[in-house]
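The file entry-v7.cif comes next; it holds mmCIF, C-alpha atoms.
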```cif
data_input
loop_
_atom_site.label_atom_id
_atom_site.label_comp_id
_atom_site.auth_asym_id
_atom_site.auth_seq_id
_atom_site.Cartn_x
_atom_site.Cartn_y
_atom_site.Cartn_z
CA MET B 1 6.56 -2.72 -3.23
CA GLY B 2 7.29 -3.42 -6.88
CA ALA B 3 8.83 0.05 -6.98
CA PHE B 4 11.64 -0.97 -4.63
CA SER B 5 12.22 -4.66 -5.39
CA SER B 6 15.41 -4.06 -7.40
CA LEU B 7 16.82 -1.53 -4.91
CA SER B 8 15.96 -3.81 -1.99
CA GLU B 9 17.74 -6.72 -3.64
CA LYS B 10 20.89 -4.65 -4.29
CA LEU B 11 21.02 -3.27 -0.74
CA SER B 12 20.56 -6.78 0.69
CA HIS B 13 23.50 -7.93 -1.44
CA VAL B 14 25.68 -5.10 -0.10
CA PHE B 15 24.87 -5.95 3.52
CA SER B 16 25.22 -9.72 3.03
CA LYS B 17 28.86 -9.22 2.03
CA MET B 18 29.47 -7.29 5.26
CA LYS B 19 27.74 -9.73 7.61
CA ASN B 20 30.50 -12.35 7.52
CA LYS B 21 33.06 -9.92 8.96
CA GLY B 22 33.57 -9.60 12.70
CA LYS B 23 34.83 -6.05 12.35
CA LEU B 24 34.69 -3.50 9.54
CA THR B 25 37.51 -1.35 8.25
CA ASP B 26 37.04 2.21 7.08
CA LEU B 27 37.79 0.98 3.55
CA GLU B 28 35.04 -1.66 3.70
CA VAL B 29 32.51 0.95 4.82
CA LYS B 30 33.58 3.22 1.94
CA GLN B 31 33.18 0.35 -0.53
CA ALA B 32 29.68 -0.39 0.83
CA MET B 33 28.73 3.29 0.58
CA ARG B 34 29.94 3.36 -3.03
CA GLU B 35 27.70 0.38 -3.88
CA ILE B 36 24.72 1.91 -2.03
CA ARG B 37 25.29 5.17 -3.94
CA ILE B 38 25.20 3.31 -7.28
CA ALA B 39 22.05 1.39 -6.23
CA LEU B 40 20.24 4.61 -5.30
CA LEU B 41 21.23 6.37 -8.54
CA GLU B 42 20.07 3.34 -10.55
CA ALA B 43 16.77 3.55 -8.65
CA ASP B 44 16.42 7.06 -10.16
CA VAL B 45 16.92 8.92 -6.88
CA ASN B 46 17.85 12.59 -7.35
CA PHE B 47 21.66 13.04 -7.63
CA ASP B 48 21.90 15.77 -4.96
CA VAL B 49 19.71 13.75 -2.61
CA VAL B 50 21.96 10.69 -3.04
CA LYS B 51 25.11 12.75 -2.45
CA LYS B 52 23.79 14.22 0.80
CA PHE B 53 22.42 10.85 1.97
CA ILE B 54 25.74 9.01 1.41
CA ASN B 55 27.71 11.78 3.12
CA THR B 56 25.45 11.64 6.18
CA VAL B 57 25.51 7.82 6.43
CA SER B 58 29.29 7.68 5.84
CA GLU B 59 29.95 10.21 8.58
CA LYS B 60 27.83 8.31 11.11
CA ALA B 61 29.07 4.85 10.06
CA SER B 62 32.81 5.61 10.15
CA GLY B 63 33.04 6.27 13.89
CA GLU B 64 35.40 4.08 15.92
CA GLU B 65 32.57 2.74 18.12
CA ILE B 66 30.76 1.47 14.98
CA LEU B 67 33.75 -0.10 13.24
CA SER B 68 35.04 -1.93 16.31
CA GLY B 69 31.64 -2.67 17.87
CA LEU B 70 30.21 -6.11 18.59
CA ASN B 71 28.04 -6.13 15.47
CA PRO B 72 29.22 -3.38 13.11
CA THR B 73 27.14 -4.54 10.13
CA GLN B 74 23.91 -4.30 12.14
CA GLN B 75 24.98 -0.83 13.29
CA VAL B 76 25.54 0.29 9.68
CA ILE B 77 22.17 -1.17 8.60
CA LYS B 78 20.54 0.67 11.54
CA ILE B 79 22.10 3.96 10.40
CA VAL B 80 20.99 3.40 6.78
CA ASN B 81 17.48 2.57 8.01
CA GLU B 82 17.31 5.72 10.15
CA GLU B 83 18.58 7.96 7.34
CA LEU B 84 16.21 6.40 4.75
CA THR B 85 13.35 7.08 7.17
CA ALA B 86 14.50 10.68 7.67
CA LEU B 87 14.89 11.11 3.90
CA MET B 88 11.23 10.22 3.37
CA GLY B 89 9.99 12.48 6.16
CA GLY B 90 10.66 10.74 9.48
CA THR B 91 7.06 10.24 10.59
CA ASN B 92 3.76 9.94 8.76
CA SER B 93 1.93 13.18 8.04
CA LYS B 94 -1.80 13.15 8.73
CA ILE B 95 -4.60 14.97 6.89
CA GLU B 96 -5.26 18.41 8.37
CA ILE B 97 -8.86 18.31 9.63
CA ALA B 98 -10.71 21.65 9.84
CA PRO B 99 -11.81 22.70 13.37
CA LYS B 100 -15.23 23.43 11.87
CA PRO B 101 -16.48 21.14 9.05
CA PRO B 102 -16.15 20.72 6.19
CA THR B 103 -12.46 19.98 5.64
CA ILE B 104 -11.61 21.05 2.08
CA ILE B 105 -9.05 19.00 0.12
CA LEU B 106 -7.90 20.23 -3.31
CA MET B 107 -6.49 17.42 -5.44
CA CYS B 108 -4.17 18.61 -8.21
CA GLY B 109 -1.79 17.04 -10.72
CA LEU B 110 -1.05 16.48 -14.38
CA GLN B 111 -3.45 14.63 -16.63
CA GLY B 112 -2.75 10.89 -16.49
CA SER B 113 -1.28 10.98 -12.97
CA GLY B 114 -4.24 9.07 -11.54
CA LYS B 115 -5.69 12.14 -9.81
CA THR B 116 -9.40 11.45 -10.44
CA THR B 117 -9.11 7.81 -9.38
CA MET B 118 -7.17 8.90 -6.29
CA CYS B 119 -10.08 11.19 -5.29
CA GLY B 120 -12.29 8.09 -5.12
CA LYS B 121 -9.69 6.05 -3.22
CA LEU B 122 -9.20 8.82 -0.67
CA GLY B 123 -12.96 9.20 -0.29
CA PHE B 124 -13.27 5.44 0.27
CA MET B 125 -10.51 5.47 2.92
CA LEU B 126 -12.00 8.45 4.77
CA LYS B 127 -15.48 6.89 4.66
CA LYS B 128 -14.07 3.74 6.31
CA GLN B 129 -12.63 6.00 9.01
CA GLY B 130 -16.14 7.24 9.82
CA LYS B 131 -16.06 10.45 7.78
CA LYS B 132 -18.76 11.57 5.35
CA PRO B 133 -16.91 12.75 2.22
CA LEU B 134 -18.25 14.49 -0.88
CA LEU B 135 -16.40 14.42 -4.22
CA VAL B 136 -16.59 17.56 -6.36
CA ALA B 137 -16.05 17.49 -10.15
CA CYS B 138 -14.02 20.56 -11.16
CA ASP B 139 -12.01 19.01 -14.02
CA ILE B 140 -14.19 20.87 -16.53
CA TYR B 141 -12.02 20.71 -19.66
CA ARG B 142 -12.19 16.97 -20.11
CA PRO B 143 -15.87 15.86 -20.24
CA ALA B 144 -14.83 12.27 -19.52
CA ALA B 145 -13.30 13.40 -16.21
CA ILE B 146 -16.73 14.19 -14.72
CA LYS B 147 -18.08 10.80 -15.78
CA GLN B 148 -14.91 9.11 -14.49
CA LEU B 149 -15.30 10.76 -11.07
CA GLN B 150 -18.93 9.62 -10.94
CA ILE B 151 -17.83 6.04 -11.65
CA VAL B 152 -15.06 5.99 -9.01
CA GLY B 153 -17.41 7.73 -6.57
CA SER B 154 -20.00 5.01 -7.15
CA ASN B 155 -17.35 2.30 -6.60
CA ALA B 156 -16.30 4.01 -3.37
CA GLY B 157 -19.86 4.56 -2.19
CA VAL B 158 -19.18 8.30 -1.99
CA PRO B 159 -21.53 10.97 -3.50
CA VAL B 160 -20.29 13.19 -6.36
CA PHE B 161 -21.32 16.83 -6.87
CA GLU B 162 -21.12 18.21 -10.42
CA MET B 163 -22.54 21.12 -12.41
CA GLY B 164 -21.09 20.30 -15.82
CA GLN B 165 -18.46 22.43 -17.54
CA ILE B 166 -18.95 25.78 -15.81
CA ASP B 167 -16.67 28.01 -13.72
CA PRO B 168 -14.96 25.86 -11.00
CA GLN B 169 -15.37 28.70 -8.48
CA LYS B 170 -19.18 28.44 -8.81
CA ILE B 171 -19.04 24.63 -8.60
CA VAL B 172 -17.07 24.64 -5.33
CA LYS B 173 -19.28 27.38 -3.85
CA GLU B 174 -22.43 25.32 -4.53
CA ALA B 175 -20.70 22.10 -3.44
CA LEU B 176 -19.99 23.63 -0.03
CA LYS B 177 -23.70 24.50 0.32
CA GLU B 178 -24.53 20.89 -0.62
CA ALA B 179 -22.01 19.61 1.95
CA GLU B 180 -23.55 21.74 4.68
CA LYS B 181 -27.05 20.56 3.76
CA ASN B 182 -26.06 16.87 3.80
CA GLN B 183 -23.55 17.17 6.67
CA ASN B 184 -20.58 16.10 4.56
CA ASP B 185 -17.53 16.77 6.76
CA ILE B 186 -14.91 16.31 3.99
CA VAL B 187 -15.05 17.92 0.53
CA ILE B 188 -12.57 16.48 -2.00
CA VAL B 189 -12.21 18.69 -5.09
CA ASP B 190 -10.95 17.09 -8.32
CA THR B 191 -9.29 20.02 -10.12
CA ALA B 192 -8.35 20.23 -13.80
CA GLY B 193 -5.27 18.41 -15.09
CA ARG B 194 -3.13 19.16 -18.14
CA LEU B 195 -0.68 17.16 -20.17
CA GLN B 196 1.96 19.60 -18.97
CA ILE B 197 2.23 22.43 -16.46
CA ASP B 198 0.86 25.68 -17.90
CA GLU B 199 -0.08 29.11 -16.59
CA LYS B 200 -3.84 28.63 -17.00
CA LEU B 201 -3.80 25.42 -14.95
CA MET B 202 -1.83 27.06 -12.14
CA ASP B 203 -3.96 30.23 -12.15
CA GLU B 204 -7.17 28.23 -11.86
CA ILE B 205 -5.99 26.15 -8.88
CA ALA B 206 -4.41 29.22 -7.27
CA GLY B 207 -7.79 30.99 -7.62
CA LEU B 208 -9.58 28.11 -5.84
CA LYS B 209 -6.94 28.18 -3.11
CA LYS B 210 -7.35 31.94 -2.59
CA THR B 211 -11.16 31.85 -2.52
CA PHE B 212 -11.78 28.76 -0.42
CA ASN B 213 -8.60 28.47 1.70
CA PRO B 214 -8.44 24.63 1.58
CA ASN B 215 -7.07 22.67 4.53
CA GLU B 216 -5.06 20.47 2.18
CA ILE B 217 -3.64 20.83 -1.32
CA LEU B 218 -2.57 17.33 -2.28
CA LEU B 219 -0.45 16.86 -5.38
CA VAL B 220 -0.94 13.52 -7.14
CA VAL B 221 2.16 12.34 -8.99
CA ASP B 222 2.79 9.21 -11.03
CA SER B 223 5.75 7.40 -9.48
CA MET B 224 6.29 5.54 -12.77
CA THR B 225 7.67 8.78 -14.26
CA GLY B 226 10.67 8.78 -11.91
CA GLN B 227 12.58 12.06 -11.79
CA ASP B 228 9.88 13.73 -13.91
CA ALA B 229 7.54 13.18 -10.95
CA VAL B 230 9.99 15.05 -8.70
CA ASN B 231 10.26 17.92 -11.21
CA VAL B 232 6.46 18.19 -11.45
CA ALA B 233 6.21 18.22 -7.65
CA GLN B 234 8.82 20.95 -7.42
CA LYS B 235 7.05 23.19 -9.97
CA PHE B 236 3.59 22.72 -8.44
CA ASN B 237 4.98 23.39 -4.99
CA GLU B 238 6.71 26.62 -6.08
CA VAL B 239 3.39 28.02 -7.33
CA MET B 240 0.85 26.36 -5.03
CA ASP B 241 2.75 25.65 -1.81
CA VAL B 242 1.16 22.18 -1.64
CA THR B 243 0.62 20.57 1.75
CA GLY B 244 1.45 17.03 0.70
CA VAL B 245 2.05 14.52 -2.07
CA VAL B 246 0.15 11.39 -3.11
CA LEU B 247 2.22 8.84 -5.05
CA THR B 248 0.32 6.60 -7.48
CA LYS B 249 1.40 3.28 -9.02
CA LEU B 250 3.94 2.49 -6.33
CA ASP B 251 3.16 -1.18 -6.99
CA GLY B 252 4.28 -0.90 -10.62
CA ASP B 253 7.52 -1.78 -12.36
CA THR B 254 9.25 1.46 -11.47
CA ARG B 255 12.53 2.28 -9.76
CA GLY B 256 11.12 4.09 -6.73
CA GLY B 257 13.33 7.18 -7.00
CA ALA B 258 10.38 9.56 -6.74
CA ALA B 259 9.40 8.28 -3.28
CA LEU B 260 12.95 8.73 -2.04
CA SER B 261 13.46 12.18 -3.60
CA ILE B 262 10.22 14.16 -3.34
CA ARG B 263 10.38 14.99 0.38
CA ALA B 264 14.03 16.07 0.18
CA VAL B 265 13.52 18.19 -2.96
CA THR B 266 10.19 19.86 -2.08
CA GLY B 267 10.22 19.72 1.71
CA LYS B 268 6.62 18.44 1.53
CA PRO B 269 5.55 15.07 2.96
CA ILE B 270 4.23 12.07 1.05
CA LYS B 271 0.86 11.49 2.74
CA PHE B 272 -0.54 8.54 0.77
CA CYS B 273 0.58 5.99 -1.81
CA GLY B 274 -1.45 4.01 -4.33
CA ILE B 275 -0.50 0.32 -4.34
CA GLY B 276 -2.91 -1.19 -6.87
CA GLU B 277 -5.98 -0.72 -9.02
CA LYS B 278 -8.73 -1.56 -6.51
CA ILE B 279 -10.62 1.26 -4.77
CA SER B 280 -9.15 0.03 -1.46
CA ASP B 281 -5.54 0.05 -2.75
CA LEU B 282 -4.46 3.20 -0.93
CA GLU B 283 -2.10 3.28 2.04
CA ILE B 284 -1.09 5.97 4.49
CA PHE B 285 2.60 6.62 3.81
CA TYR B 286 4.79 5.69 6.79
CA PRO B 287 8.46 6.58 6.10
CA ASP B 288 9.77 4.20 8.78
CA ARG B 289 7.73 1.27 7.45
CA MET B 290 8.74 2.00 3.85
CA ALA B 291 12.43 2.16 4.84
CA SER B 292 12.02 -1.17 6.63
CA ARG B 293 10.49 -2.74 3.50
CA ILE B 294 13.25 -1.36 1.27
CA LEU B 295 15.90 -2.91 3.55
CA GLY B 296 14.11 -6.28 3.51
CA MET B 297 13.08 -6.05 7.18
CA GLY B 298 9.37 -6.41 6.43
CA ASP B 299 6.45 -4.35 7.66
CA VAL B 300 4.59 -6.26 10.35
CA LEU B 301 2.62 -3.21 11.56
CA THR B 302 0.94 -2.78 8.17
CA ILE B 303 0.07 -6.51 8.05
CA ILE B 304 -1.54 -6.19 11.50
CA GLU B 305 -3.56 -3.15 10.39
CA LYS B 306 -4.72 -4.95 7.24
CA ALA B 307 -5.73 -7.97 9.33
CA GLN B 308 -7.63 -5.81 11.81
CA ASN B 309 -9.52 -4.20 8.93
CA ALA B 310 -10.34 -7.61 7.44
CA TYR B 311 -11.39 -9.37 10.67
CA THR B 312 -13.68 -8.23 13.45
CA GLU B 313 -12.85 -9.39 16.97
CA LYS B 314 -15.94 -11.62 16.92
CA GLU B 315 -14.95 -13.28 13.61
CA ALA B 316 -11.42 -13.97 14.85
CA LEU B 317 -12.65 -15.53 18.11
CA GLU B 318 -15.25 -17.67 16.28
CA MET B 319 -12.57 -18.96 13.89
CA GLN B 320 -10.22 -19.80 16.78
CA LYS B 321 -13.05 -21.70 18.46
CA LYS B 322 -13.59 -23.75 15.29
CA PHE B 323 -9.90 -24.64 15.13
CA LYS B 324 -9.93 -25.60 18.81
CA GLU B 325 -13.02 -27.81 18.44
CA ASN B 326 -11.82 -29.21 15.09
CA THR B 327 -15.00 -28.02 13.33
CA PHE B 328 -13.21 -25.89 10.71
CA THR B 329 -14.75 -26.66 7.30
CA LEU B 330 -13.97 -25.86 3.67
CA ASP B 331 -16.65 -23.15 3.85
CA ASP B 332 -14.60 -21.52 6.60
CA TYR B 333 -11.48 -22.04 4.51
CA LEU B 334 -13.14 -20.17 1.64
CA VAL B 335 -14.06 -17.28 3.97
CA GLN B 336 -10.39 -17.05 5.00
CA PHE B 337 -9.29 -16.85 1.36
CA GLU B 338 -11.74 -14.01 0.73
CA LYS B 339 -10.42 -12.19 3.80
CA MET B 340 -6.84 -12.65 2.60
CA LYS B 341 -7.75 -11.26 -0.83
CA SER B 342 -9.18 -8.14 0.81
CA MET B 343 -5.83 -7.57 2.55
CA GLY B 344 -3.98 -7.15 -0.77
CA SER B 345 -2.03 -9.26 -3.24
CA MET B 346 0.15 -12.12 -2.04
CA GLN B 347 3.16 -10.39 -3.60
CA GLN B 348 2.53 -7.31 -1.41
CA MET B 349 2.10 -9.48 1.69
CA ILE B 350 5.38 -11.32 1.04
CA GLN B 351 7.24 -7.99 0.94
CA MET B 352 5.89 -7.17 4.40
CA VAL B 353 6.98 -10.40 6.11
CA PRO B 354 10.50 -9.98 7.56
CA GLY B 355 13.05 -12.02 5.62
CA LEU B 356 10.51 -13.66 3.32
CA ALA B 357 11.15 -11.36 0.35
CA GLN B 358 14.77 -12.57 0.26
CA ARG B 359 13.73 -16.22 0.26
CA VAL B 360 11.09 -15.72 -2.43
CA LYS B 361 13.01 -14.25 -5.36
CA GLY B 362 11.55 -11.30 -7.24
CA ASP B 363 11.19 -13.27 -10.46
CA ILE B 364 8.80 -15.78 -8.86
CA GLN B 365 5.26 -14.58 -9.51
CA ILE B 366 2.50 -15.41 -7.05
CA ASP B 367 -0.43 -16.99 -8.89
CA GLU B 368 -3.35 -14.80 -7.80
CA LYS B 369 -5.65 -16.89 -10.04
CA GLN B 370 -5.07 -19.82 -7.68
CA LEU B 371 -7.41 -18.11 -5.22
CA ASP B 372 -10.17 -18.06 -7.85
CA ARG B 373 -9.55 -21.75 -8.68
CA THR B 374 -9.76 -22.62 -4.99
CA LYS B 375 -13.09 -20.84 -4.74
CA ALA B 376 -14.44 -22.60 -7.84
CA ILE B 377 -13.43 -26.04 -6.51
CA ILE B 378 -15.04 -25.49 -3.09
CA LEU B 379 -18.26 -24.11 -4.60
CA SER B 380 -18.48 -27.23 -6.84
CA MET B 381 -18.75 -29.45 -3.75
CA THR B 382 -21.95 -30.40 -1.95
CA LYS B 383 -22.61 -28.96 1.51
CA TYR B 384 -21.82 -32.34 3.07
CA GLU B 385 -18.49 -32.55 1.20
CA ARG B 386 -17.49 -29.07 2.34
CA GLU B 387 -18.22 -30.05 5.95
CA HIS B 388 -16.58 -33.53 5.68
CA PRO B 389 -13.68 -33.16 3.20
CA ASP B 390 -11.95 -36.30 4.52
CA GLU B 391 -14.83 -38.39 3.17
CA ILE B 392 -14.61 -37.18 -0.44
CA LYS B 393 -14.13 -40.23 -2.72
CA SER B 394 -12.25 -40.43 -6.02
CA SER B 395 -15.48 -40.54 -8.03
CA ASN B 396 -16.65 -37.34 -6.32
CA LYS B 397 -13.34 -35.63 -7.07
CA LYS B 398 -13.93 -36.23 -10.79
CA ARG B 399 -17.32 -34.50 -10.55
CA ILE B 400 -15.89 -31.59 -8.53
CA ALA B 401 -13.05 -31.07 -11.02
CA ALA B 402 -15.47 -31.07 -13.97
CA GLY B 403 -17.82 -28.65 -12.19
CA SER B 404 -15.02 -26.19 -11.39
CA GLY B 405 -13.19 -26.40 -14.72
CA THR B 406 -10.08 -27.83 -13.04
CA GLN B 407 -8.15 -31.10 -12.90
CA ILE B 408 -8.43 -33.89 -10.30
CA GLN B 409 -4.88 -33.08 -9.15
CA ASP B 410 -6.06 -29.51 -8.39
CA VAL B 411 -8.80 -30.92 -6.14
CA ASN B 412 -6.28 -33.22 -4.45
CA GLN B 413 -3.88 -30.33 -3.91
CA LEU B 414 -6.59 -28.19 -2.30
CA LEU B 415 -7.65 -31.00 0.06
CA LYS B 416 -4.00 -31.60 0.99
CA GLN B 417 -3.43 -27.88 1.71
CA PHE B 418 -6.60 -27.74 3.78
CA ALA B 419 -5.54 -30.79 5.84
CA GLN B 420 -2.06 -29.35 6.38
CA MET B 421 -3.42 -25.99 7.51
CA ARG B 422 -5.91 -27.64 9.86
CA ASP B 423 -3.14 -29.78 11.39
CA MET B 424 -0.89 -26.74 11.79
CA MET B 425 -3.63 -24.72 13.51
CA ASN B 426 -4.41 -27.66 15.80
CA LYS B 427 -0.75 -27.78 16.85
CA ILE B 428 -0.77 -24.05 17.54
CA GLN B 429 -3.93 -24.41 19.62
CA ASN B 430 -2.40 -27.31 21.56
CA MET B 431 0.63 -25.18 22.33
CA GLY B 432 -1.72 -22.73 24.04
CA LYS B 433 -1.34 -19.93 21.51
CA ARG B 434 -4.06 -17.30 21.27
CA GLY B 435 -3.74 -17.01 17.51
CA PHE B 436 -1.62 -14.72 15.41
CA MET B 437 -1.36 -11.00 16.01
CA GLY B 438 -3.14 -10.75 19.32
CA GLY B 439 -6.13 -12.80 18.27
CA ARG B 440 -7.08 -10.63 15.31
CA PHE B 441 -5.56 -12.79 12.56
CA PRO B 442 -6.74 -16.39 12.91
CA PHE B 443 -5.56 -17.67 9.51
#
```
Would you encode the structure as C-alpha cells?
Amino acid sequence: MGAFSSLSEKLSHVFSKMKNKGKLTDLEVKQAMREIRIALLEADVNFDVVKKFINTVSEKASGEEILSGLNPTQQVIKIVNEELTALMGGTNSKIEIAPKPPTIILMCGLQGSGKTTMCGKLGFMLKKQGKKPLLVACDIYRPAAIKQLQIVGSNAGVPVFEMGQIDPQKIVKEALKEAEKNQNDIVIVDTAGRLQIDEKLMDEIAGLKKTFNPNEILLVVDSMTGQDAVNVAQKFNEVMDVTGVVLTKLDGDTRGGAALSIRAVTGKPIKFCGIGEKISDLEIFYPDRMASRILGMGDVLTIIEKAQNAYTEKEALEMQKKFKENTFTLDDYLVQFEKMKSMGSMQQMIQMVPGLAQRVKGDIQIDEKQLDRTKAIILSMTKYEREHPDEIKSSNKKRIAAGSGTQIQDVNQLLKQFAQMRDMMNKIQNMGKRGFMGGRFPF
C-alpha cells in the first residue's frame, strides 16, 4: 500500500474536517471535492479521470437527503468509496480458464516492467490453487531473459520450457506439445520486451495471438512510472486488445495514479498486483478492497485470506488448545512469527487493519529485522529454556544474548512480549472466544 499512503493520508484529512459538523452545506461539499481533486491529481491520476470522478461524486453528494441526513460525512465517504471502487473496475476480474486445457496466457510489457518475474509469481499462485502451470521462454532477444525465467521458475517450483533464441512461434508450438505430454493445464508465455513500444514488438505478439488464440493477454506495467504506465497500457491495448493488466511494484514509493487510471482509460481490468519482491508477493486485485484501503478503512478480507493460507485448520486448533492449557512455549511463539512473516510485511498488515494506519503514521518504519532477532534469541536458548521461559535466570540471559548477537535488554524485551501475549490469549480464552477470524488465526 506504499503506492497510496500519501493519498490515503490526504483523503483522511479532508474527511476529518467534515466529521465535526452535524450537517454539511453545499459549499462545504464543494470545498471537500476541491481538496479531493487536488489529492488525486497529486497522486498522478489522469486529469480526465479525475474530472469525471469529481463530477460524479459531487452530483451524488449534493442531494438534499445527503446534506441534511443524520450522518452526512459518512454518506459522502460512502459515495467516494463506491465511486473509487467503480473507477477501478467494480469487482475483481478472474483469469479466463479454457474449457479444454491448456489455458494459454500471453504475458507482455516493456523491458524493465517486471514481466519475467511476474510470470514466476503468477505460476506460483496458480500452482498453489491446484493448477499445473508451465512457463515458456519466448523473450528471445535478451539472452539473460531465458536464464532469468529459469531462476524465477525454480523459485516458484514451476517448470520452464525453452528452445533458445529461435522463432517464438516454434517455441510455443513445441511448448503446447510438452504441456499436453506432461498434463500442464496452464501455459504462461513470457514474450519479448523492449525499452519502448515498437512495430516489431507489437507484430511479434500479434502473431502469437493470431496463431494460438490465447485465453488471456496480460499486460505487465510498472506502477512506479505513473502516467507513463497508463500511456503504455493504452498503446498496447489499441494494438493487442489485452484482456487485463498486472501492476508491479504497488508496494513502492509511488503515487498510485496508474492503479486509479488504467481501468478508466483502457476499459480493461487490473487482474493482479505485485506487492513485494518475494515469489509469493502477488495479490488478486479487488477494486472494493483497494478503495477501502485508500480510504483508511482497512482490508479485513485480505487479512483473513492470508491467515487461511498460512494456517491449516489443524494448526489453528492445536495452537488454541495450547493457549487454553497454558502449554504455549517459545518454540510455538517462533512458529507464529514464521507464519506472520509468510503473510507479508508488518507495514502491509497495518494498512489492512481498519483505523490502524491512521494511528501509526506513515513515517514510522516497522523494523522487519526484529523478527530475525527474535528468531536468533529463541534459537540460542536450550530446549528447557524455550519450554520454561519464566525460569530463565540473569546468568542465562547473558549467554543467550551472546549466542544470538544481541543485548540482554533484547532478551528481556522478548520474554516480556511473550508473557504479555500469553496473558492476553489466556484472557481471550477465559472469555470463551474461539480465536480470531473464525478459528483460523490463533495468533
### Task
Return the single residue from B:Gly109, B:Pro99, B:Pro287, B:Gly403 that is closest to Asp198 in chain B, with distances computed using only C-alpha atoms.
B:Gly109
Give as a short mmCIF file (atom, residue, chain, number, x, y, z; two decimals) with C-alpha atoms, in the frame of the given file each residue that has an atom at most 12 Å from (31.6, -2.5, 1.9) in the file, counting only C-alpha atoms.
```cif
data_model
loop_
_atom_site.label_atom_id
_atom_site.label_comp_id
_atom_site.auth_asym_id
_atom_site.auth_seq_id
_atom_site.Cartn_x
_atom_site.Cartn_y
_atom_site.Cartn_z
CA LEU B 11 21.02 -3.27 -0.74
CA SER B 12 20.56 -6.78 0.69
CA HIS B 13 23.50 -7.93 -1.44
CA VAL B 14 25.68 -5.10 -0.10
CA PHE B 15 24.87 -5.95 3.52
CA SER B 16 25.22 -9.72 3.03
CA LYS B 17 28.86 -9.22 2.03
CA MET B 18 29.47 -7.29 5.26
CA LYS B 19 27.74 -9.73 7.61
CA ASN B 20 30.50 -12.35 7.52
CA LYS B 21 33.06 -9.92 8.96
CA LYS B 23 34.83 -6.05 12.35
CA LEU B 24 34.69 -3.50 9.54
CA THR B 25 37.51 -1.35 8.25
CA ASP B 26 37.04 2.21 7.08
CA LEU B 27 37.79 0.98 3.55
CA GLU B 28 35.04 -1.66 3.70
CA VAL B 29 32.51 0.95 4.82
CA LYS B 30 33.58 3.22 1.94
CA GLN B 31 33.18 0.35 -0.53
CA ALA B 32 29.68 -0.39 0.83
CA MET B 33 28.73 3.29 0.58
CA ARG B 34 29.94 3.36 -3.03
CA GLU B 35 27.70 0.38 -3.88
CA ILE B 36 24.72 1.91 -2.03
CA ARG B 37 25.29 5.17 -3.94
CA SER B 58 29.29 7.68 5.84
CA ALA B 61 29.07 4.85 10.06
CA SER B 62 32.81 5.61 10.15
CA LEU B 67 33.75 -0.10 13.24
CA PRO B 72 29.22 -3.38 13.11
CA THR B 73 27.14 -4.54 10.13
CA VAL B 76 25.54 0.29 9.68
CA ILE B 77 22.17 -1.17 8.60
#
```
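Straight-line separation from CA of Leu317 in chain B to CA of Met125 in chain B: 26.0 Å.
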### Query
Could you write out as an MDAnalysis selection string the residues that the PyMOL selection byres ((chain B and resi 374) around 12) matches in the shown file?
chainID B and resid 330:331 333:338 367:373 375:381 400:401 404:407 410:415 417:418
Take the selection from the previous step and output its residues with C-alpha atoms, as a PDB file, in the coordinates of the input.
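Wrote it out as out_25.pdb, contents follow:
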```pdb
ATOM      1  CA  LEU B 330     -13.970 -25.860   3.670  1.00  0.00           C
ATOM      2  CA  ASP B 331     -16.650 -23.150   3.850  1.00  0.00           C
ATOM      3  CA  TYR B 333     -11.480 -22.040   4.510  1.00  0.00           C
ATOM      4  CA  LEU B 334     -13.140 -20.170   1.640  1.00  0.00           C
ATOM      5  CA  VAL B 335     -14.060 -17.280   3.970  1.00  0.00           C
ATOM      6  CA  GLN B 336     -10.390 -17.050   5.000  1.00  0.00           C
ATOM      7  CA  PHE B 337      -9.290 -16.850   1.360  1.00  0.00           C
ATOM      8  CA  GLU B 338     -11.740 -14.010   0.730  1.00  0.00           C
ATOM      9  CA  ASP B 367      -0.430 -16.990  -8.890  1.00  0.00           C
ATOM     10  CA  GLU B 368      -3.350 -14.800  -7.800  1.00  0.00           C
ATOM     11  CA  LYS B 369      -5.650 -16.890 -10.040  1.00  0.00           C
ATOM     12  CA  GLN B 370      -5.070 -19.820  -7.680  1.00  0.00           C
ATOM     13  CA  LEU B 371      -7.410 -18.110  -5.220  1.00  0.00           C
ATOM     14  CA  ASP B 372     -10.170 -18.060  -7.850  1.00  0.00           C
ATOM     15  CA  ARG B 373      -9.550 -21.750  -8.680  1.00  0.00           C
ATOM     16  CA  LYS B 375     -13.090 -20.840  -4.740  1.00  0.00           C
ATOM     17  CA  ALA B 376     -14.440 -22.600  -7.840  1.00  0.00           C
ATOM     18  CA  ILE B 377     -13.430 -26.040  -6.510  1.00  0.00           C
ATOM     19  CA  ILE B 378     -15.040 -25.490  -3.090  1.00  0.00           C
ATOM     20  CA  LEU B 379     -18.260 -24.110  -4.600  1.00  0.00           C
ATOM     21  CA  SER B 380     -18.480 -27.230  -6.840  1.00  0.00           C
ATOM     22  CA  MET B 381     -18.750 -29.450  -3.750  1.00  0.00           C
ATOM     23  CA  ILE B 400     -15.890 -31.590  -8.530  1.00  0.00           C
ATOM     24  CA  ALA B 401     -13.050 -31.070 -11.020  1.00  0.00           C
ATOM     25  CA  SER B 404     -15.020 -26.190 -11.390  1.00  0.00           C
ATOM     26  CA  GLY B 405     -13.190 -26.400 -14.720  1.00  0.00           C
ATOM     27  CA  THR B 406     -10.080 -27.830 -13.040  1.00  0.00           C
ATOM     28  CA  GLN B 407      -8.150 -31.100 -12.900  1.00  0.00           C
ATOM     29  CA  ASP B 410      -6.060 -29.510  -8.390  1.00  0.00           C
ATOM     30  CA  VAL B 411      -8.800 -30.920  -6.140  1.00  0.00           C
ATOM     31  CA  ASN B 412      -6.280 -33.220  -4.450  1.00  0.00           C
ATOM     32  CA  GLN B 413      -3.880 -30.330  -3.910  1.00  0.00           C
ATOM     33  CA  LEU B 414      -6.590 -28.190  -2.300  1.00  0.00           C
ATOM     34  CA  LEU B 415      -7.650 -31.000   0.060  1.00  0.00           C
ATOM     35  CA  GLN B 417      -3.430 -27.880   1.710  1.00  0.00           C
ATOM     36  CA  PHE B 418      -6.600 -27.740   3.780  1.00  0.00           C
TER      37      PHE B 418
END
```
With a cut-off of 9 Å, could you pull out the residues of range 48-154 of chain B touching range 238-253 of chain B and give me the nearest pair of atoms for each, distance in Å to one decimal, using only C-alpha atoms, ordered by chain and ascending number, as a Markdown table?
```
| residue | atom | partner | partner_atom | distance |
| --- | --- | --- | --- | --- |
| B:Ser93 | CA | B:Gly244 | CA | 8.3 |
| B:Ile95 | CA | B:Gly244 | CA | 8.9 |
| B:Ser113 | CA | B:Thr248 | CA | 7.2 |
| B:Gly114 | CA | B:Thr248 | CA | 6.6 |
| B:Lys115 | CA | B:Thr248 | CA | 8.5 |
| B:Met118 | CA | B:Thr248 | CA | 7.9 |
```
